[in-house]
file work.txt (compact mmCIF, C-alpha atoms)
# COMPACT_ATOMS: atom_id res chain seq x y z
CA MET I 278 -27.65 19.48 225.71
CA SER I 279 -28.04 22.94 226.77
CA MET I 280 -25.63 22.43 229.50
CA LEU I 281 -23.19 20.84 227.12
CA ARG I 282 -23.39 23.73 224.74
CA LEU I 283 -23.04 26.09 227.60
CA SER I 284 -20.02 24.28 228.73
CA ARG I 285 -18.52 24.35 225.23
CA PHE I 286 -19.35 28.00 224.89
CA SER I 287 -17.78 28.70 228.21
CA ARG I 288 -14.67 26.84 227.21
CA LEU I 289 -14.48 28.67 223.92
CA SER I 290 -14.96 31.97 225.68
CA VAL I 291 -12.35 31.14 228.19
CA GLY I 292 -10.05 30.00 225.44
CA ARG I 293 -10.60 33.20 223.56
CA ASP I 294 -9.92 35.18 226.67
CA LEU I 295 -6.83 33.21 227.36
CA GLY I 296 -5.66 33.77 223.81
CA ALA I 297 -6.30 37.46 224.11
CA VAL I 298 -4.45 37.54 227.35
CA ALA I 299 -1.54 35.66 225.79
CA GLN I 300 -1.44 38.03 222.83
CA ALA I 301 -1.52 40.99 225.18
CA ALA I 302 1.22 39.51 227.25
CA ALA I 303 3.30 38.78 224.16
CA LEU I 304 2.74 42.33 222.92
CA THR I 305 3.69 43.59 226.32
CA VAL I 306 6.89 41.53 226.20
CA VAL I 307 7.66 42.79 222.70
CA LEU I 308 6.99 46.33 223.73
CA ALA I 309 9.08 45.81 226.81
CA LEU I 310 11.85 44.35 224.76
CA GLY I 311 11.60 47.21 222.30
CA VAL I 312 11.72 49.74 225.02
CA ALA I 313 14.64 47.96 226.65
CA GLY I 314 16.60 47.74 223.31
CA GLN I 315 16.53 51.46 222.54
CA PRO I 316 19.27 52.46 225.12
CA ALA I 317 21.42 49.57 223.87
CA ARG I 318 21.20 50.79 220.33
CA ALA I 319 21.93 54.36 221.48
CA ALA I 320 24.95 53.14 223.41
CA LEU I 321 26.13 51.19 220.39
CA PHE I 322 25.76 54.28 218.20
CA GLU I 323 27.73 56.39 220.68
CA ASP I 324 30.55 53.79 220.73
CA ASP I 325 30.79 53.91 216.93
CA GLU I 326 31.07 57.71 216.98
CA ALA I 327 33.72 57.60 219.68
CA ARG I 328 35.58 54.89 217.80
CA LYS I 329 35.40 56.94 214.63
CA ALA I 330 36.59 60.09 216.48
CA ILE I 331 39.43 58.09 217.99
CA LEU I 332 40.39 56.76 214.56
CA ASP I 333 40.23 60.25 213.09
CA LEU I 334 42.35 61.56 215.97
CA ARG I 335 44.85 58.74 215.50
CA THR I 336 44.95 59.44 211.77
CA LYS I 337 45.55 63.16 212.38
CA GLN I 338 48.15 62.33 215.06
CA ALA I 339 49.91 59.97 212.65
CA GLN I 340 49.81 62.60 209.93
CA SER I 341 51.16 65.20 212.39
CA GLU I 342 53.89 62.84 213.51
CA GLU I 343 54.79 62.10 209.90
CA ALA I 344 54.87 65.82 209.14
CA GLN I 345 57.04 66.39 212.21
CA ARG I 346 59.37 63.57 211.17
CA ALA I 347 59.57 65.07 207.69
CA ARG I 348 60.21 68.52 209.19
CA ILE I 349 62.86 67.10 211.52
CA ALA I 350 64.46 65.26 208.62
CA ASP I 351 64.44 68.49 206.57
CA LEU I 352 65.91 70.44 209.50
CA GLN I 353 68.55 67.76 209.98
CA SER I 354 69.35 67.96 206.29
CA GLN I 355 69.59 71.75 206.49
CA LEU I 356 71.70 71.44 209.64
CA GLU I 357 74.02 68.99 207.93
CA THR I 358 74.27 71.30 204.92
CA ALA I 359 74.97 74.23 207.25
CA ARG I 360 77.56 72.14 209.13
CA ARG I 361 79.31 71.26 205.88
CA GLY I 362 79.12 74.91 204.86
CA LEU I 363 80.65 75.96 208.17
CA LEU I 364 83.40 73.36 207.75
CA ASP I 365 84.09 74.65 204.25
CA LEU I 366 84.04 78.24 205.52
CA SER I 367 86.35 77.30 208.37
CA GLY I 368 88.72 75.69 205.87
CA GLN I 369 88.59 78.78 203.67
CA ILE I 370 89.25 81.00 206.69
CA ASP I 371 92.24 78.85 207.66
CA SER I 372 93.49 79.00 204.09
CA LEU I 373 93.04 82.78 204.00
CA ARG I 374 94.86 83.10 207.32
CA SER I 375 97.70 81.04 205.93
CA GLU I 376 97.80 83.15 202.77
CA LEU I 377 97.63 86.33 204.86
CA ALA I 378 100.51 85.18 207.04
CA LYS I 379 102.46 84.30 203.91
CA MET I 380 101.70 87.68 202.34
CA ARG I 381 102.60 89.43 205.61
CA GLY I 382 105.92 87.65 205.59
CA GLN I 383 106.45 88.58 201.95
CA ASN I 384 105.53 92.21 202.69
CA GLU I 385 107.97 92.31 205.58
CA GLN I 386 110.68 90.89 203.36
CA LEU I 387 109.81 93.39 200.63
CA ALA I 388 109.94 96.19 203.19
CA ARG I 389 113.38 95.02 204.31
CA ASP I 390 114.52 94.71 200.70
CA LEU I 391 113.16 98.17 199.93
CA SER I 392 114.90 99.61 202.98
CA ASP I 393 118.16 97.96 201.96
CA THR I 394 117.75 99.21 198.40
CA GLN I 395 116.97 102.73 199.57
CA ARG I 396 120.00 102.68 201.84
CA LYS I 397 122.20 101.42 199.01
CA VAL I 398 120.80 104.05 196.64
CA ALA I 399 121.38 106.75 199.27
CA ASP I 400 124.95 105.53 199.78
CA GLN I 401 125.57 105.40 196.05
CA SER I 402 124.00 108.83 195.63
CA ALA I 403 126.18 110.25 198.39
CA THR I 404 129.23 108.64 196.82
CA LEU I 405 128.26 110.00 193.42
CA ASP I 406 127.66 113.45 194.90
CA ASN I 407 131.06 113.34 196.54
CA ARG I 408 132.60 112.39 193.22
CA LEU I 409 130.65 114.99 191.25
CA ARG I 410 130.99 117.80 193.77
CA PRO I 411 134.57 118.55 192.75
CA LEU I 412 133.34 118.73 189.15
CA GLU I 413 130.43 121.09 189.83
CA PRO I 414 130.82 124.84 189.26
CA GLN I 415 131.64 126.73 192.43
CA LYS I 416 130.78 130.25 193.44
CA VAL I 417 133.85 132.48 193.52
CA SER I 418 134.23 136.02 194.78
CA LEU I 419 137.41 137.73 193.53
CA ASP I 420 138.39 141.40 193.10
CA GLY I 421 134.83 142.57 193.80
CA LYS I 422 133.26 140.19 191.28
CA GLU I 423 131.25 137.02 191.85
CA PHE I 424 131.05 134.26 189.28
CA GLN I 425 130.76 130.49 188.82
CA ALA I 426 133.94 128.60 188.09
CA ASP I 427 134.70 125.00 187.32
CA PRO I 428 136.79 123.25 189.96
CA GLU I 429 139.61 122.86 187.46
CA GLU I 430 139.65 126.60 186.81
CA LYS I 431 139.92 127.29 190.52
CA ARG I 432 142.63 124.65 190.94
CA GLN I 433 144.80 126.08 188.17
CA PHE I 434 144.33 129.66 189.35
CA ASP I 435 145.20 128.77 192.94
CA ALA I 436 148.24 126.80 191.76
CA ALA I 437 149.53 129.76 189.71
CA MET I 438 149.01 132.14 192.64
CA GLY I 439 150.97 129.77 194.82
CA GLN I 440 153.84 129.94 192.37
CA ILE I 441 153.84 133.74 192.52
CA ARG I 442 153.86 133.68 196.34
CA ARG I 443 156.81 131.33 196.25
CA GLY I 444 158.62 133.56 193.76
CA ASP I 445 158.46 130.97 190.99
CA PHE I 446 157.74 133.69 188.38
CA ASN I 447 158.73 131.68 185.32
CA GLU I 448 156.34 128.88 186.31
CA ALA I 449 153.66 131.44 187.21
CA VAL I 450 153.92 133.12 183.79
CA SER I 451 153.57 129.72 182.12
CA ALA I 452 150.63 128.74 184.36
CA PHE I 453 148.68 132.00 183.83
CA SER I 454 149.32 131.94 180.07
CA SER I 455 148.06 128.34 179.89
CA PHE I 456 145.03 129.34 181.91
CA LEU I 457 144.04 132.09 179.47
CA THR I 458 144.45 129.68 176.57
CA ARG I 459 142.34 126.96 178.20
CA PHE I 460 139.68 129.19 179.81
CA PRO I 461 139.44 132.37 177.70
CA ALA I 462 135.92 133.22 178.99
CA SER I 463 136.56 132.37 182.63
CA GLY I 464 135.52 134.71 185.40
CA TYR I 465 139.14 134.54 186.53
CA SER I 466 140.45 135.99 183.24
CA ASP I 467 140.76 139.64 184.31
CA SER I 468 142.53 138.75 187.55
CA VAL I 469 144.72 136.26 185.67
CA ARG I 470 145.92 139.04 183.30
CA PHE I 471 146.71 141.29 186.23
CA TRP I 472 148.77 138.62 187.97
CA LEU I 473 150.36 137.55 184.72
CA GLY I 474 151.70 141.09 184.39
CA ASN I 475 153.03 140.87 187.95
CA ALA I 476 154.70 137.53 187.19
CA GLN I 477 156.31 139.04 184.10
CA TYR I 478 157.50 141.95 186.17
CA GLY I 479 158.88 139.47 188.71
CA LYS I 480 160.93 137.71 186.03
CA ARG I 481 162.10 141.14 184.71
CA ASP I 482 160.15 140.87 181.48
CA TYR I 483 159.26 144.57 181.74
CA LYS I 484 158.15 145.02 178.18
CA GLY I 485 155.93 141.98 178.36
CA ALA I 486 154.52 143.18 181.68
CA ILE I 487 153.82 146.69 180.24
CA ALA I 488 151.90 145.13 177.35
CA THR I 489 149.91 142.88 179.66
CA PHE I 490 149.02 145.69 182.09
CA LYS I 491 148.05 148.10 179.31
CA ALA I 492 145.71 145.48 177.76
CA PHE I 493 144.24 144.87 181.17
CA VAL I 494 143.52 148.54 181.92
CA THR I 495 142.16 149.18 178.42
CA ALA I 496 139.73 146.27 178.75
CA ASN I 497 138.82 146.93 182.39
CA PRO I 498 139.19 150.62 183.27
CA GLU I 499 136.73 150.18 186.19
CA HIS I 500 138.44 147.14 187.62
CA PRO I 501 139.52 147.52 191.28
CA ARG I 502 143.12 146.74 190.22
CA ALA I 503 143.22 149.12 187.24
CA ALA I 504 145.01 151.84 189.26
CA GLU I 505 147.55 149.29 190.52
CA SER I 506 148.15 148.21 186.93
CA LEU I 507 149.02 151.78 185.89
CA LEU I 508 151.41 152.04 188.83
CA ALA I 509 153.00 148.72 187.77
CA ILE I 510 153.39 150.08 184.21
CA ALA I 511 155.19 153.14 185.58
CA ASN I 512 157.48 150.89 187.63
CA CYS I 513 158.32 148.85 184.53
CA GLN I 514 159.08 152.06 182.62
CA ILE I 515 161.34 153.23 185.42
CA GLU I 516 163.16 149.86 185.32
CA LEU I 517 163.62 150.43 181.58
CA LYS I 518 165.03 153.93 182.33
CA ASP I 519 162.09 155.48 180.49
CA ASN I 520 161.39 158.15 183.10
CA LYS I 521 159.52 160.38 180.69
CA SER I 522 156.99 157.72 179.96
CA ALA I 523 156.88 156.83 183.65
CA ARG I 524 156.07 160.43 184.68
CA LYS I 525 153.25 160.53 182.12
CA THR I 526 151.85 157.21 183.34
CA LEU I 527 151.99 158.37 186.95
CA ASP I 528 150.29 161.61 186.00
CA ASP I 529 147.52 159.71 184.14
CA LEU I 530 147.07 157.47 187.16
CA GLN I 531 146.52 160.40 189.54
CA LYS I 532 144.03 162.00 187.16
CA ALA I 533 142.08 158.80 186.42
CA TYR I 534 142.01 157.38 189.94
CA PRO I 535 142.44 160.23 192.43
CA GLY I 536 142.23 159.38 196.12
CA THR I 537 143.31 155.78 195.65
CA GLU I 538 146.28 154.20 197.40
CA ALA I 539 147.87 153.76 193.98
CA ALA I 540 147.45 157.51 193.27
CA LYS I 541 149.16 158.40 196.54
CA ALA I 542 152.04 156.05 195.74
CA ALA I 543 152.23 157.52 192.22
CA LYS I 544 152.56 161.03 193.64
CA GLU I 545 155.42 159.95 195.86
CA ARG I 546 157.10 158.07 193.03
CA GLN I 547 156.68 161.03 190.67
CA ALA I 548 158.35 163.35 193.17
CA GLY I 549 161.44 161.11 193.17
CA LEU I 550 161.84 161.15 189.40
CA ARG I 551 164.16 163.64 187.71

call {"tool": "encode", "arguments": {"input": "work.txt", "output": "C-alpha cells"}}
result
Amino acid sequence: MSMLRLSRFSRLSVGRDLGAVAQAAALTVVLALGVAGQPARAALFEDDEARKAILDLRTKQAQSEEAQRARIADLQSQLETARRGLLDLSGQIDSLRSELAKMRGQNEQLARDLSDTQRKVADQSATLDNRLRPLEPQKVSLDGKEFQADPEEKRQFDAAMGQIRRGDFNEAVSAFSSFLTRFPASGYSDSVRFWLGNAQYGKRDYKGAIATFKAFVTANPEHPRAAESLLAIANCQIELKDNKSARKTLDDLQKAYPGTEAAKAAKERQAGLR
C-alpha cells in the first residue's frame, strides 16, 4: 500500500513537474514570440510612415504640377493675348505708314500746287506792276524844281516840247493851253507857261506872248527862267515896234537880275535900240 501510494505520489509529483515545465516552456515560447514580433511591428509602422510620406509627396507633386500647368496655361493665354496685341499693333503701324505715305504724297502735291500758285501770283503781280507802272506818279526834276507827275502829264508835256523843237508852234500853243486846262495844279505848270509864251512868240502872237510872260514873271519872280521871260517880253515889244517899252523892260531886267546871261543880253540889246 505504502509503495502504491508512493508510486502514485511520485507520478503526481512528476506530472506536476512536467506540467510546470510545459507551462514554463509555453511561456518561454510566448515570450520568445513576443520578443520576435516587436521588430516586425516596428518595421510595419515604419512602412506606413514612409507610405504616408510618399503619398503626401505625391499629393504635393501633383498639386505643384497642377499649379505649374495652370501657370503655363495662364502664361500661354497672356502670350496669345500679347501676340494678338502685337498683330493688332503691327496692323495699326502698317495702316499709319500707309496714311503717312498718303499724307506725304498729298503734302508734296500741295507744295507743288503752292509753288505753282506763288509763281502764277508773282507773274500776275509783275504783269500788273508793269501795267500800273506807267500810271504811277513819277519823280520829275525840271527848271530847278522836283515834283511828282502823273505819266500822262509827262507824256503831254514831252509831246508839246517836241512840237516846239520841230517848229510846230501852232500845235505847241494848243498843246500847252490844253495842258494848263487839264492839269492846272501840275508841277509842270510854271514851265508850261514859259514855253507857251515861247510858242506864241514863235507863231508871231507877240501880244499873247507878252501877256503870258508877264503873268509868268509876276507869279514866279524867283523862277530860274524869270529873267529869260523879261528878255522875251522885250523882244516881243521890239517886234511890235514899241522900243520905248522894250528899253524899259530891258532896264528892269538888268536891275532885277544883274549878272545873269539874260541881263548881259539885255544890255547888248538895249545898246542897239534908238

call {"tool": "atom_distance", "arguments": {"input": "work.txt", "atom1": "CA of Ile441 in chain I", "atom2": "CA of Tyr465 in chain I"}}
result
15.9 Å

call {"tool": "atom_distance", "arguments": {"input": "work.txt", "atom1": "CA of Phe453 in chain I", "atom2": "CA of Glu505 in chain I"}}
result
18.6 Å

call {"tool": "residues_around", "arguments": {"input": "work.txt", "residues": "Ala511 in chain I", "least_positions_apart": "5", "cutoff": "8 Å", "atoms": "all atoms listed in the file", "output": "PyMOL selection string"}}
result
chain I and resi 522-524+526-527

call {"tool": "residues_around", "arguments": {"input": "work.txt", "residues": "Ala426 in chain I", "least_positions_apart": "6", "cutoff": "12 Å", "atoms": "only C-alpha atoms", "output": "VMD selection string"}}
result
chain I and resid 411 to 419 432 to 434 460 462 to 466

call {"tool": "atom_distance", "arguments": {"input": "work.txt", "atom1": "CA of Phe490 in chain I", "atom2": "CA of Leu507 in chain I"}}
result
7.2 Å
